[in-house]
>>> print(open('coords-v7.tsv').read())   # TSV, C-alpha atoms
chain	number	residue	atom	x	y	z
A	1	MET	CA	82.32	122.71	96.21
A	2	THR	CA	79.19	120.62	96.22
A	3	ASN	CA	77.97	119.67	99.65
A	4	ALA	CA	77.36	116.00	99.00
A	5	THR	CA	75.09	115.10	101.86
A	6	THR	CA	72.35	113.49	99.81
A	7	ALA	CA	71.30	110.29	101.54
A	8	LYS	CA	72.15	107.28	99.40
A	9	THR	CA	72.90	103.64	99.94
A	10	PRO	CA	76.58	102.70	100.30
A	11	CYS	CA	78.61	101.39	97.39
A	12	TYR	CA	79.52	97.72	97.18
A	13	LEU	CA	82.27	96.59	94.84
A	14	GLU	CA	79.74	95.83	92.07
A	15	ASP	CA	78.28	99.33	92.29
A	16	LEU	CA	81.54	101.10	91.50
A	17	SER	CA	82.89	102.06	88.10
A	18	ILE	CA	86.10	103.65	86.86
A	19	GLY	CA	85.71	107.41	86.68
A	20	GLN	CA	82.98	107.53	89.32
A	21	ARG	CA	83.36	110.66	91.48
A	22	PHE	CA	82.52	111.67	95.01
A	23	VAL	CA	82.64	115.28	96.14
A	24	SER	CA	82.90	116.06	99.85
A	25	ALA	CA	81.47	118.84	101.93
A	26	ASN	CA	83.74	121.77	102.92
A	27	HIS	CA	85.95	122.19	105.94
A	28	ALA	CA	87.01	125.66	107.09
A	29	LEU	CA	90.49	125.55	108.60
A	30	ASP	CA	91.57	128.17	111.10
A	31	GLU	CA	94.76	128.99	112.94
A	32	ALA	CA	93.58	127.48	116.22
A	33	GLN	CA	93.02	124.11	114.53
A	34	VAL	CA	96.41	124.26	112.78
A	35	ILE	CA	98.26	124.99	116.02
A	36	ALA	CA	96.27	122.51	118.15
A	37	PHE	CA	97.00	119.64	115.76
A	38	ALA	CA	100.66	120.63	115.46
A	39	ARG	CA	101.12	120.81	119.23
A	40	GLN	CA	99.78	117.29	119.57
A	41	PHE	CA	101.33	115.56	116.56
A	42	ASP	CA	103.80	117.70	114.61
A	43	PRO	CA	105.31	120.37	116.89
A	44	GLN	CA	107.64	122.01	114.38
A	45	PRO	CA	108.08	125.80	114.28
A	46	PHE	CA	106.56	126.24	110.80
A	47	HIS	CA	103.29	124.69	112.05
A	48	LEU	CA	103.22	126.63	115.33
A	49	ASP	CA	104.68	130.10	115.00
A	50	HIS	CA	104.23	132.82	112.37
A	51	ALA	CA	107.70	134.32	112.69
A	52	ALA	CA	109.52	130.97	112.50
A	53	ALA	CA	107.25	129.84	109.66
A	54	ALA	CA	108.01	132.96	107.62
A	55	LYS	CA	111.70	132.01	107.62
A	56	SER	CA	111.05	128.35	106.72
A	57	LEU	CA	110.58	126.61	103.37
A	58	PHE	CA	106.84	127.18	103.84
A	59	GLY	CA	107.17	130.97	103.86
A	60	GLY	CA	104.42	131.30	106.45
A	61	LEU	CA	102.32	129.30	108.89
A	62	ALA	CA	101.24	126.02	107.28
A	63	ALA	CA	99.16	123.08	108.46
A	64	SER	CA	100.92	119.79	109.11
A	65	GLY	CA	100.53	117.42	106.17
A	66	TRP	CA	99.13	114.89	108.65
A	67	HIS	CA	96.50	117.40	109.64
A	68	VAL	CA	95.53	117.84	105.98
A	69	ALA	CA	95.42	114.05	105.56
A	70	SER	CA	93.26	113.67	108.66
A	71	ILE	CA	90.84	116.40	107.54
A	72	THR	CA	90.71	114.70	104.14
A	73	MET	CA	89.71	111.44	105.80
A	74	ARG	CA	87.02	113.26	107.78
A	75	LEU	CA	85.63	114.77	104.59
A	76	ILE	CA	85.69	111.45	102.70
A	77	VAL	CA	83.91	109.64	105.54
A	78	GLY	CA	81.34	112.45	105.62
A	79	ASP	CA	78.16	111.88	107.58
A	80	SER	CA	78.64	108.21	106.89
A	81	ALA	CA	81.09	106.36	104.69
A	82	PRO	CA	80.29	106.14	100.96
A	83	PHE	CA	81.54	102.54	100.75
A	84	ALA	CA	79.90	99.48	102.27
A	85	GLY	CA	81.90	98.41	105.29
A	86	GLY	CA	83.43	101.89	105.63
A	87	VAL	CA	86.56	103.50	104.28
A	88	ILE	CA	89.33	101.00	105.03
A	89	GLY	CA	92.73	101.78	103.54
A	90	ALA	CA	95.17	99.00	102.71
A	91	GLY	CA	97.77	101.46	101.51
A	92	VAL	CA	98.09	105.11	100.60
A	93	GLU	CA	100.34	107.50	98.70
A	94	LEU	CA	100.34	111.17	99.62
A	95	SER	CA	101.91	114.33	98.29
A	96	TRP	CA	101.44	117.97	99.20
A	97	PRO	CA	101.97	120.15	96.12
A	98	ARG	CA	101.47	123.39	98.08
A	99	PRO	CA	101.01	124.47	101.70
A	100	THR	CA	97.63	124.50	103.43
A	101	ARG	CA	97.12	127.76	105.30
A	102	PRO	CA	94.93	128.93	108.18
A	103	GLY	CA	91.82	130.40	106.55
A	104	ASP	CA	91.71	127.81	103.78
A	105	VAL	CA	88.38	126.16	103.04
A	106	LEU	CA	89.06	122.59	101.97
A	107	HIS	CA	87.05	120.03	100.09
A	108	VAL	CA	87.93	116.67	98.56
A	109	ASP	CA	87.28	115.43	95.03
A	110	THR	CA	87.58	111.64	94.84
A	111	GLU	CA	87.65	109.56	91.66
A	112	VAL	CA	87.63	105.79	91.28
A	113	ILE	CA	90.66	104.88	89.15
A	114	GLU	CA	90.97	101.09	89.50
A	115	ILE	CA	88.79	98.19	90.65
A	116	THR	CA	90.41	94.83	91.39
A	117	PRO	CA	88.24	91.99	92.70
A	118	SER	CA	90.22	89.73	95.03
A	119	ARG	CA	91.22	86.42	93.42
A	120	SER	CA	91.39	84.58	96.73
A	121	LYS	CA	88.53	86.31	98.58
A	122	PRO	CA	85.38	86.72	96.43
A	123	ASP	CA	83.69	88.68	99.22
A	124	ARG	CA	85.84	91.76	98.60
A	125	GLY	CA	88.11	93.70	96.28
A	126	ILE	CA	90.57	96.56	96.22
A	127	VAL	CA	89.31	99.87	94.88
A	128	THR	CA	91.94	102.49	94.12
A	129	VAL	CA	90.76	106.07	94.45
A	130	ARG	CA	92.52	109.36	93.81
A	131	SER	CA	91.46	112.08	96.23
A	132	GLU	CA	92.45	115.67	95.55
A	133	THR	CA	92.12	118.01	98.51
A	134	ARG	CA	91.51	121.52	97.18
A	135	ASN	CA	91.36	124.94	98.77
A	136	GLN	CA	88.89	127.76	98.14
A	137	ALA	CA	90.85	128.81	95.02
A	138	ASP	CA	90.47	125.23	93.72
A	139	GLU	CA	94.23	124.72	94.10
A	140	VAL	CA	95.28	121.17	94.95
A	141	VAL	CA	96.97	121.09	98.37
A	142	GLN	CA	97.14	117.29	98.70
A	143	VAL	CA	96.92	114.34	96.35
A	144	MET	CA	96.10	111.04	98.01
A	145	THR	CA	95.91	107.74	96.16
A	146	SER	CA	94.33	105.07	98.35
A	147	ARG	CA	93.81	101.36	97.95
A	148	LEU	CA	90.57	100.64	99.79
A	149	VAL	CA	89.11	97.30	100.85
A	150	VAL	CA	85.52	97.25	99.60
A	151	PRO	CA	83.16	94.29	100.19
A	152	SER	CA	81.18	92.73	97.37
A	153	ARG	CA	77.45	92.10	97.59
A	154	ILE	CA	78.03	88.38	98.10
A	155	SER	CA	79.86	89.16	101.33
A	156	GLY	CA	78.04	88.20	104.51
A	157	ARG	CA	80.68	90.23	106.28
A	158	ALA	CA	79.75	93.33	104.33
A	159	SER	CA	76.29	93.58	105.80
A	160	GLN	CA	77.65	92.92	109.28
A	161	SER	CA	80.34	95.55	109.12
A	162	GLN	CA	78.20	98.43	107.92
A	163	ALA	CA	77.78	101.43	110.11
A	164	PRO	CA	74.48	101.68	112.00
A	165	GLY	CA	71.99	103.60	109.91
A	166	ALA	CA	73.44	102.28	106.70
A	167	ALA	CA	70.30	103.22	104.83
A	168	ASP	CA	71.33	106.84	105.25
A	169	LEU	CA	74.77	106.38	103.74
A	170	ARG	CA	75.58	108.53	100.75
A	171	GLY	CA	77.59	107.17	97.83
A	172	CYS	CA	75.77	104.97	95.32
I	1	MET	CA	112.79	100.28	122.23
I	2	THR	CA	115.67	102.64	122.80
I	3	ASN	CA	114.66	106.04	124.08
I	4	ALA	CA	116.74	108.15	121.73
I	5	THR	CA	116.73	111.46	123.51
I	6	THR	CA	120.48	112.03	123.44
I	7	ALA	CA	121.10	115.65	122.50
I	8	LYS	CA	122.87	115.87	119.15
I	9	THR	CA	123.20	118.39	116.37
I	10	PRO	CA	120.71	118.07	113.48
I	11	CYS	CA	121.62	116.24	110.29
I	12	TYR	CA	122.30	118.15	107.11
I	13	LEU	CA	122.28	116.38	103.77
I	14	GLU	CA	126.05	115.79	103.93
I	15	ASP	CA	125.77	114.15	107.35
I	16	LEU	CA	123.44	111.39	106.21
I	17	SER	CA	124.37	107.98	104.85
I	18	ILE	CA	122.40	105.05	103.47
I	19	GLY	CA	121.55	102.62	106.25
I	20	GLN	CA	121.72	105.27	108.98
I	21	ARG	CA	119.06	104.61	111.64
I	22	PHE	CA	117.05	106.67	114.07
I	23	VAL	CA	115.06	105.07	116.86
I	24	SER	CA	112.24	107.03	118.48
I	25	ALA	CA	110.99	107.13	122.03
I	26	ASN	CA	107.83	105.18	122.93
I	27	HIS	CA	104.19	106.27	122.82
I	28	ALA	CA	101.59	104.47	124.94
I	29	LEU	CA	98.25	104.44	123.14
I	30	ASP	CA	95.05	104.10	125.13
I	31	GLU	CA	91.37	103.79	124.27
I	32	ALA	CA	90.60	107.42	125.11
I	33	GLN	CA	93.18	108.61	122.56
I	34	VAL	CA	91.89	106.20	119.90
I	35	ILE	CA	88.30	107.35	120.33
I	36	ALA	CA	89.13	111.07	120.62
I	37	PHE	CA	91.09	111.05	117.36
I	38	ALA	CA	88.41	109.00	115.59
I	39	ARG	CA	85.63	111.33	116.73
I	40	GLN	CA	87.49	114.28	115.27
I	41	PHE	CA	88.91	112.82	112.05
I	42	ASP	CA	87.74	109.28	111.29
I	43	PRO	CA	84.36	108.62	112.93
I	44	GLN	CA	83.80	105.08	111.71
I	45	PRO	CA	82.31	102.41	114.02
I	46	PHE	CA	85.44	100.23	114.10
I	47	HIS	CA	87.43	103.16	115.55
I	48	LEU	CA	84.75	104.19	118.06
I	49	ASP	CA	82.81	101.25	119.39
I	50	HIS	CA	83.92	97.81	120.66
I	51	ALA	CA	80.80	95.93	119.57
I	52	ALA	CA	80.75	97.36	116.05
I	53	ALA	CA	84.51	96.88	115.73
I	54	ALA	CA	84.26	93.21	116.72
I	55	LYS	CA	82.00	92.62	113.68
I	56	SER	CA	84.23	94.58	111.28
I	57	LEU	CA	87.28	93.55	109.25
I	58	PHE	CA	89.40	94.73	112.18
I	59	GLY	CA	87.91	92.17	114.59
I	60	GLY	CA	88.07	94.66	117.47
I	61	LEU	CA	88.62	98.32	118.27
I	62	ALA	CA	91.47	99.69	116.14
I	63	ALA	CA	93.13	103.09	115.85
I	64	SER	CA	92.57	105.08	112.67
I	65	GLY	CA	95.50	104.71	110.30
I	66	TRP	CA	95.72	108.52	110.29
I	67	HIS	CA	96.09	108.44	114.04
I	68	VAL	CA	98.95	105.95	113.72
I	69	ALA	CA	100.55	108.14	111.03
I	70	SER	CA	100.19	111.24	113.22
I	71	ILE	CA	101.69	109.50	116.26
I	72	THR	CA	104.51	108.30	114.02
I	73	MET	CA	105.21	111.88	112.97
I	74	ARG	CA	105.21	112.96	116.63
I	75	LEU	CA	107.73	110.23	117.46
I	76	ILE	CA	109.99	111.07	114.50
I	77	VAL	CA	110.01	114.77	115.35
I	78	GLY	CA	110.80	113.86	118.96
I	79	ASP	CA	111.95	116.60	121.28
I	80	SER	CA	113.26	118.36	118.20
I	81	ALA	CA	113.58	117.22	114.61
I	82	PRO	CA	116.60	115.07	113.70
I	83	PHE	CA	117.04	116.84	110.35
I	84	ALA	CA	118.22	120.40	109.82
I	85	GLY	CA	115.25	122.51	108.83
I	86	GLY	CA	112.82	120.02	110.36
I	87	VAL	CA	110.98	116.99	109.00
I	88	ILE	CA	109.40	118.22	105.75
I	89	GLY	CA	107.75	115.57	103.60
I	90	ALA	CA	107.50	115.99	99.83
I	91	GLY	CA	105.65	112.72	99.48
I	92	VAL	CA	104.81	109.64	101.49
I	93	GLU	CA	103.69	106.03	101.04
I	94	LEU	CA	101.88	104.31	103.89
I	95	SER	CA	100.61	100.84	104.60
I	96	TRP	CA	99.16	99.27	107.72
I	97	PRO	CA	100.05	95.56	107.83
I	98	ARG	CA	98.07	94.97	111.05
I	99	PRO	CA	95.72	96.91	113.32
I	100	THR	CA	96.94	99.19	116.09
I	101	ARG	CA	95.03	98.54	119.32
I	102	PRO	CA	94.33	100.48	122.50
I	103	GLY	CA	97.05	99.44	124.96
I	104	ASP	CA	99.75	99.25	122.29
I	105	VAL	CA	103.08	100.91	123.03
I	106	LEU	CA	104.47	102.25	119.77
I	107	HIS	CA	107.92	103.27	118.65
I	108	VAL	CA	109.36	104.09	115.25
I	109	ASP	CA	112.50	102.69	113.62
I	110	THR	CA	113.64	104.90	110.75
I	111	GLU	CA	116.32	104.03	108.18
I	112	VAL	CA	117.81	106.21	105.46
I	113	ILE	CA	117.38	104.33	102.18
I	114	GLU	CA	118.18	106.92	99.49
I	115	ILE	CA	119.91	110.30	99.29
I	116	THR	CA	119.42	112.45	96.19
I	117	PRO	CA	121.03	115.91	96.07
I	118	SER	CA	118.92	118.32	94.03
I	119	ARG	CA	120.35	119.05	90.56
I	120	SER	CA	118.71	122.45	90.31
I	121	LYS	CA	118.92	123.54	93.96
I	122	PRO	CA	122.35	122.83	95.53
I	123	ASP	CA	121.09	124.04	98.92
I	124	ARG	CA	118.98	120.91	99.43
I	125	GLY	CA	118.25	117.31	98.53
I	126	ILE	CA	115.66	114.61	98.92
I	127	VAL	CA	116.30	111.96	101.54
I	128	THR	CA	114.10	108.88	101.41
I	129	VAL	CA	113.54	107.18	104.73
I	130	ARG	CA	111.62	104.04	105.66
I	131	SER	CA	109.92	104.30	109.04
I	132	GLU	CA	108.48	101.19	110.65
I	133	THR	CA	106.04	101.82	113.47
I	134	ARG	CA	106.18	98.84	115.83
I	135	ASN	CA	104.13	97.76	118.83
I	136	GLN	CA	105.34	96.33	122.14
I	137	ALA	CA	105.61	92.86	120.53
I	138	ASP	CA	107.90	94.40	117.88
I	139	GLU	CA	105.21	93.76	115.24
I	140	VAL	CA	105.10	96.30	112.41
I	141	VAL	CA	101.76	98.14	112.44
I	142	GLN	CA	102.68	100.77	109.84
I	143	VAL	CA	105.31	101.14	107.14
I	144	MET	CA	105.91	104.68	105.96
I	145	THR	CA	108.32	105.60	103.18
I	146	SER	CA	108.89	109.35	103.09
I	147	ARG	CA	110.72	111.63	100.73
I	148	LEU	CA	112.02	114.43	102.93
I	149	VAL	CA	113.44	117.80	101.92
I	150	VAL	CA	116.77	118.17	103.78
I	151	PRO	CA	118.99	121.25	103.45
I	152	SER	CA	122.68	120.97	102.67
I	153	ARG	CA	125.34	122.77	104.71
I	154	ILE	CA	125.84	125.33	101.95
I	155	SER	CA	122.24	126.46	102.41
I	156	GLY	CA	121.79	129.84	104.03
I	157	ARG	CA	118.13	128.92	104.32
I	158	ALA	CA	119.03	125.86	106.37
I	159	SER	CA	120.44	127.80	109.28
I	160	GLN	CA	117.46	130.17	109.22
I	161	SER	CA	114.84	127.47	109.24
I	162	GLN	CA	116.17	125.49	112.17
I	163	ALA	CA	114.09	125.18	115.27
I	164	PRO	CA	115.03	127.35	118.22
I	165	GLY	CA	117.48	125.49	120.42
I	166	ALA	CA	119.00	123.70	117.46
I	167	ALA	CA	122.04	122.82	119.52
I	168	ASP	CA	119.86	120.39	121.43
I	169	LEU	CA	118.59	118.54	118.36
I	170	ARG	CA	119.23	114.81	118.27
I	171	GLY	CA	120.15	113.03	115.09
I	172	CYS	CA	123.74	113.39	113.85
>>> encode(input="coords-v7.tsv", output="structure tokens")
Amino acid sequence: MTNATTAKTPCYLEDLSIGQRFVSANHALDEAQVIAFARQFDPQPFHLDHAAAAKSLFGGLAASGWHVASITMRLIVGDSAPFAGGVIGAGVELSWPRPTRPGDVLHVDTEVIEITPSRSKPDRGIVTVRSETRNQADEVVQVMTSRLVVPSRISGRASQSQAPGAADLRGC
Amino acid sequence: MTNATTAKTPCYLEDLSIGQRFVSANHALDEAQVIAFARQFDPQPFHLDHAAAAKSLFGGLAASGWHVASITMRLIVGDSAPFAGGVIGAGVELSWPRPTRPGDVLHVDTEVIEITPSRSKPDRGIVTVRSETRNQADEVVQVMTSRLVVPSRISGRASQSQAPGAADLRGC
């Protein structure tokens, strides 16, 4: 549960290596957040109401999987994105091995599992990362495998598309 | 762009067939929604600021992919979920073939592509659906393939876990 807020420069494609890890800060989830998200985006009884949730497959009030995914994104982006150009997903796979509950304190462990420079576009590549969202008991509540577009150092675009204050970005 | 609000009973596993389609209502996305979601869950410049977005890979302000996924869930759930027991995802694959912009009017076309009764649990099965989120020009902005847990009619749990007002559910 490291709070990874150390200021670092962002990672370009050449800076990344297989097995490299990023640990997010924590996010404390409460019932008000669970219900507010569900009302807006996933208004099903097991995300809104204790009694209905107790009778459902979830066995109690549970956060929407899309809420967990959105919190995960927030934690990966952090104070500023760890990758040059930001965190831009080309595609994602998600699973939710167990429910996320009000009261859970979540963090995200991300590992680089594949790096594929683009054949046609030398200014970028696809970096595949596996992000495990874990609760306070270190149980995995979501596994997300993302293919991210990451610029290479030769990219003129990369320097243009960085967030303001890029010198403060954590990551590499 | 059919507005599929016709009241129907929810689908159990036995009611579903390969190729069956569900069309959602529409959702009009505006800049305030894009920025509000991004501030909360994906605060990257290309989701927050026109000038920064113009210089990014997106070439202009774009909704977070997690926002598009969350709106898609809202549209699939509709007034009440089309599947008995609700829309419960075991796993999901997502891709975003093109950006979603403020001003877009989104709807979701969902098709049943696989039905797998559980071998160990006869009260349920996994139904794989492909949901295309389309804009007002009928361009696909997101493809989501979801493995959903759907109860069978023999499930006692199924009748317990339905939403209140199940008689009004659309779907089958």
>>> closest_atom_pairs(input="coords-v7.tsv", of="chain I", to="chain A", cutoff="6 Å", atoms="all atoms listed in the file", output="tab-separated table")
residue	atom	partner	partner_atom	distance
I:Phe41	CA	A:Arg74	CA	4.7
I:Asp42	CA	A:Arg74	CA	5.4
I:Lys55	CA	A:Ser161	CA	5.7
I:Ser56	CA	A:Ser161	CA	4.6
I:Trp66	CA	A:Ser70	CA	5.9
I:Ser70	CA	A:Phe41	CA	5.6
I:Arg74	CA	A:Phe41	CA	4.7
I:Gly91	CA	A:Ser95	CA	4.2
I:Val92	CA	A:Leu94	CA	5.1
I:Glu93	CA	A:Glu93	CA	4.3
I:Leu94	CA	A:Val92	CA	5.1
I:Ser95	CA	A:Gly91	CA	4.2
I:Ser161	CA	A:Ser56	CA	4.6
>>> calpha_fit_and_write(input="coords-v7.tsv", fixed="chain I", moving="chain A", output="short mmCIF file (atom, residue, chain, number, x, y, z; two decimals) with C-alpha atoms, in the frame of the given file")
data_model
loop_
_atom_site.label_atom_id
_atom_site.label_comp_id
_atom_site.auth_asym_id
_atom_site.auth_seq_id
_atom_site.Cartn_x
_atom_site.Cartn_y
_atom_site.Cartn_z
CA MET A 1 112.79 100.39 122.19
CA THR A 2 115.64 102.77 122.76
CA ASN A 3 114.61 106.15 124.06
CA ALA A 4 116.66 108.27 121.70
CA THR A 5 116.71 111.57 123.51
CA THR A 6 120.45 112.09 123.46
CA ALA A 7 121.13 115.70 122.52
CA LYS A 8 122.89 115.89 119.18
CA THR A 9 123.22 118.38 116.38
CA PRO A 10 120.74 118.03 113.50
CA CYS A 11 121.62 116.21 110.30
CA TYR A 12 122.33 118.14 107.12
CA LEU A 13 122.29 116.36 103.78
CA GLU A 14 126.07 115.77 103.93
CA ASP A 15 125.79 114.14 107.35
CA LEU A 16 123.45 111.38 106.21
CA SER A 17 124.37 107.98 104.84
CA ILE A 18 122.40 105.04 103.46
CA GLY A 19 121.55 102.62 106.23
CA GLN A 20 121.72 105.25 108.96
CA ARG A 21 119.05 104.59 111.61
CA PHE A 22 117.05 106.64 114.05
CA VAL A 23 115.05 105.04 116.85
CA SER A 24 112.24 107.01 118.49
CA ALA A 25 110.99 107.11 122.03
CA ASN A 26 107.82 105.15 122.93
CA HIS A 27 104.22 106.24 122.84
CA ALA A 28 101.60 104.44 124.94
CA LEU A 29 98.25 104.41 123.15
CA ASP A 30 95.04 104.08 125.12
CA GLU A 31 91.38 103.78 124.27
CA ALA A 32 90.60 107.40 125.11
CA GLN A 33 93.18 108.60 122.57
CA VAL A 34 91.89 106.19 119.91
CA ILE A 35 88.29 107.34 120.33
CA ALA A 36 89.13 111.07 120.63
CA PHE A 37 91.10 111.04 117.37
CA ALA A 38 88.42 108.99 115.61
CA ARG A 39 85.63 111.32 116.73
CA GLN A 40 87.50 114.27 115.28
CA PHE A 41 88.92 112.81 112.07
CA ASP A 42 87.74 109.28 111.29
CA PRO A 43 84.36 108.63 112.94
CA GLN A 44 83.80 105.07 111.72
CA PRO A 45 82.31 102.41 114.01
CA PHE A 46 85.45 100.22 114.10
CA HIS A 47 87.43 103.16 115.55
CA LEU A 48 84.75 104.18 118.05
CA ASP A 49 82.80 101.23 119.39
CA HIS A 50 83.90 97.81 120.65
CA ALA A 51 80.79 95.93 119.57
CA ALA A 52 80.75 97.37 116.04
CA ALA A 53 84.51 96.88 115.74
CA ALA A 54 84.26 93.21 116.70
CA LYS A 55 82.01 92.62 113.69
CA SER A 56 84.24 94.58 111.28
CA LEU A 57 87.28 93.55 109.23
CA PHE A 58 89.39 94.73 112.18
CA GLY A 59 87.90 92.18 114.58
CA GLY A 60 88.05 94.65 117.46
CA LEU A 61 88.61 98.32 118.26
CA ALA A 62 91.47 99.68 116.14
CA ALA A 63 93.13 103.08 115.86
CA SER A 64 92.57 105.08 112.69
CA GLY A 65 95.50 104.72 110.30
CA TRP A 66 95.72 108.52 110.31
CA HIS A 67 96.09 108.44 114.06
CA VAL A 68 98.96 105.95 113.73
CA ALA A 69 100.55 108.15 111.05
CA SER A 70 100.20 111.23 113.23
CA ILE A 71 101.70 109.49 116.27
CA THR A 72 104.52 108.29 114.02
CA MET A 73 105.23 111.87 112.99
CA ARG A 74 105.23 112.93 116.64
CA LEU A 75 107.74 110.21 117.48
CA ILE A 76 110.00 111.04 114.51
CA VAL A 77 110.02 114.75 115.37
CA GLY A 78 110.83 113.83 118.98
CA ASP A 79 111.97 116.59 121.29
CA SER A 80 113.29 118.33 118.23
CA ALA A 81 113.60 117.21 114.63
CA PRO A 82 116.61 115.04 113.72
CA PHE A 83 117.06 116.82 110.37
CA ALA A 84 118.24 120.38 109.83
CA GLY A 85 115.27 122.50 108.85
CA GLY A 86 112.84 119.98 110.38
CA VAL A 87 111.00 116.99 109.02
CA ILE A 88 109.42 118.22 105.79
CA GLY A 89 107.75 115.57 103.64
CA ALA A 90 107.50 116.00 99.88
CA GLY A 91 105.65 112.74 99.50
CA VAL A 92 104.81 109.64 101.49
CA GLU A 93 103.67 106.05 101.04
CA LEU A 94 101.87 104.31 103.88
CA SER A 95 100.59 100.84 104.60
CA TRP A 96 99.14 99.26 107.71
CA PRO A 97 100.02 95.56 107.82
CA ARG A 98 98.05 94.97 111.04
CA PRO A 99 95.70 96.92 113.31
CA THR A 100 96.94 99.20 116.09
CA ARG A 101 95.03 98.54 119.30
CA PRO A 102 94.32 100.48 122.49
CA GLY A 103 97.04 99.43 124.94
CA ASP A 104 99.74 99.23 122.28
CA VAL A 105 103.07 100.88 123.02
CA LEU A 106 104.46 102.23 119.76
CA HIS A 107 107.90 103.25 118.64
CA VAL A 108 109.37 104.08 115.25
CA ASP A 109 112.49 102.66 113.60
CA THR A 110 113.65 104.89 110.74
CA GLU A 111 116.31 104.02 108.17
CA VAL A 112 117.81 106.20 105.46
CA ILE A 113 117.36 104.33 102.17
CA GLU A 114 118.17 106.93 99.48
CA ILE A 115 119.91 110.31 99.28
CA THR A 116 119.41 112.46 96.18
CA PRO A 117 121.02 115.91 96.07
CA SER A 118 118.89 118.33 94.04
CA ARG A 119 120.32 119.04 90.57
CA SER A 120 118.69 122.45 90.33
CA LYS A 121 118.93 123.54 93.99
CA PRO A 122 122.36 122.83 95.55
CA ASP A 123 121.10 124.03 98.93
CA ARG A 124 118.99 120.91 99.46
CA GLY A 125 118.26 117.31 98.55
CA ILE A 126 115.64 114.62 98.92
CA VAL A 127 116.29 111.96 101.55
CA THR A 128 114.08 108.89 101.41
CA VAL A 129 113.52 107.18 104.74
CA ARG A 130 111.62 104.04 105.65
CA SER A 131 109.92 104.29 109.03
CA GLU A 132 108.48 101.18 110.64
CA THR A 133 106.05 101.81 113.47
CA ARG A 134 106.17 98.82 115.82
CA ASN A 135 104.13 97.75 118.81
CA GLN A 136 105.32 96.30 122.12
CA ALA A 137 105.61 92.83 120.52
CA ASP A 138 107.88 94.38 117.85
CA GLU A 139 105.19 93.74 115.22
CA VAL A 140 105.09 96.28 112.40
CA VAL A 141 101.75 98.13 112.44
CA GLN A 142 102.67 100.76 109.83
CA VAL A 143 105.30 101.13 107.13
CA MET A 144 105.89 104.67 105.96
CA THR A 145 108.29 105.60 103.17
CA SER A 146 108.87 109.35 103.10
CA ARG A 147 110.71 111.64 100.74
CA LEU A 148 112.02 114.44 102.95
CA VAL A 149 113.46 117.80 101.95
CA VAL A 150 116.77 118.15 103.79
CA PRO A 151 119.01 121.24 103.46
CA SER A 152 122.70 120.96 102.69
CA ARG A 153 125.36 122.74 104.72
CA ILE A 154 125.85 125.31 101.97
CA SER A 155 122.26 126.43 102.44
CA GLY A 156 121.81 129.83 104.03
CA ARG A 157 118.17 128.88 104.34
CA ALA A 158 119.05 125.83 106.40
CA SER A 159 120.43 127.81 109.29
CA GLN A 160 117.48 130.19 109.16
CA SER A 161 114.84 127.50 109.19
CA GLN A 162 116.15 125.51 112.13
CA ALA A 163 114.06 125.22 115.21
CA PRO A 164 115.06 127.43 118.15
CA GLY A 165 117.50 125.57 120.34
CA ALA A 166 118.98 123.74 117.41
CA ALA A 167 122.04 122.87 119.43
CA ASP A 168 119.87 120.48 121.40
CA LEU A 169 118.59 118.61 118.37
CA ARG A 170 119.23 114.89 118.30
CA GLY A 171 120.15 113.11 115.08
CA CYS A 172 123.74 113.40 113.87
#
>>> closest_residue(input="coords-v7.tsv", among="A:Arg130, A:His47, A:Arg124, A:Arg119", to="Ile18 of chain A", atoms="all atoms listed in the file")
A:Arg130
>>> atom_distance(input="coords-v7.tsv", atom1="atom CA of Val34 of chain A", atom2="atom CA of Gln136 of chain A")
16.8 Å
>>> atom_distance(input="coords-v7.tsv", atom1="atom CA of Ile113 of chain A", atom2="atom CA of Phe83 of chain A")
14.9 Å
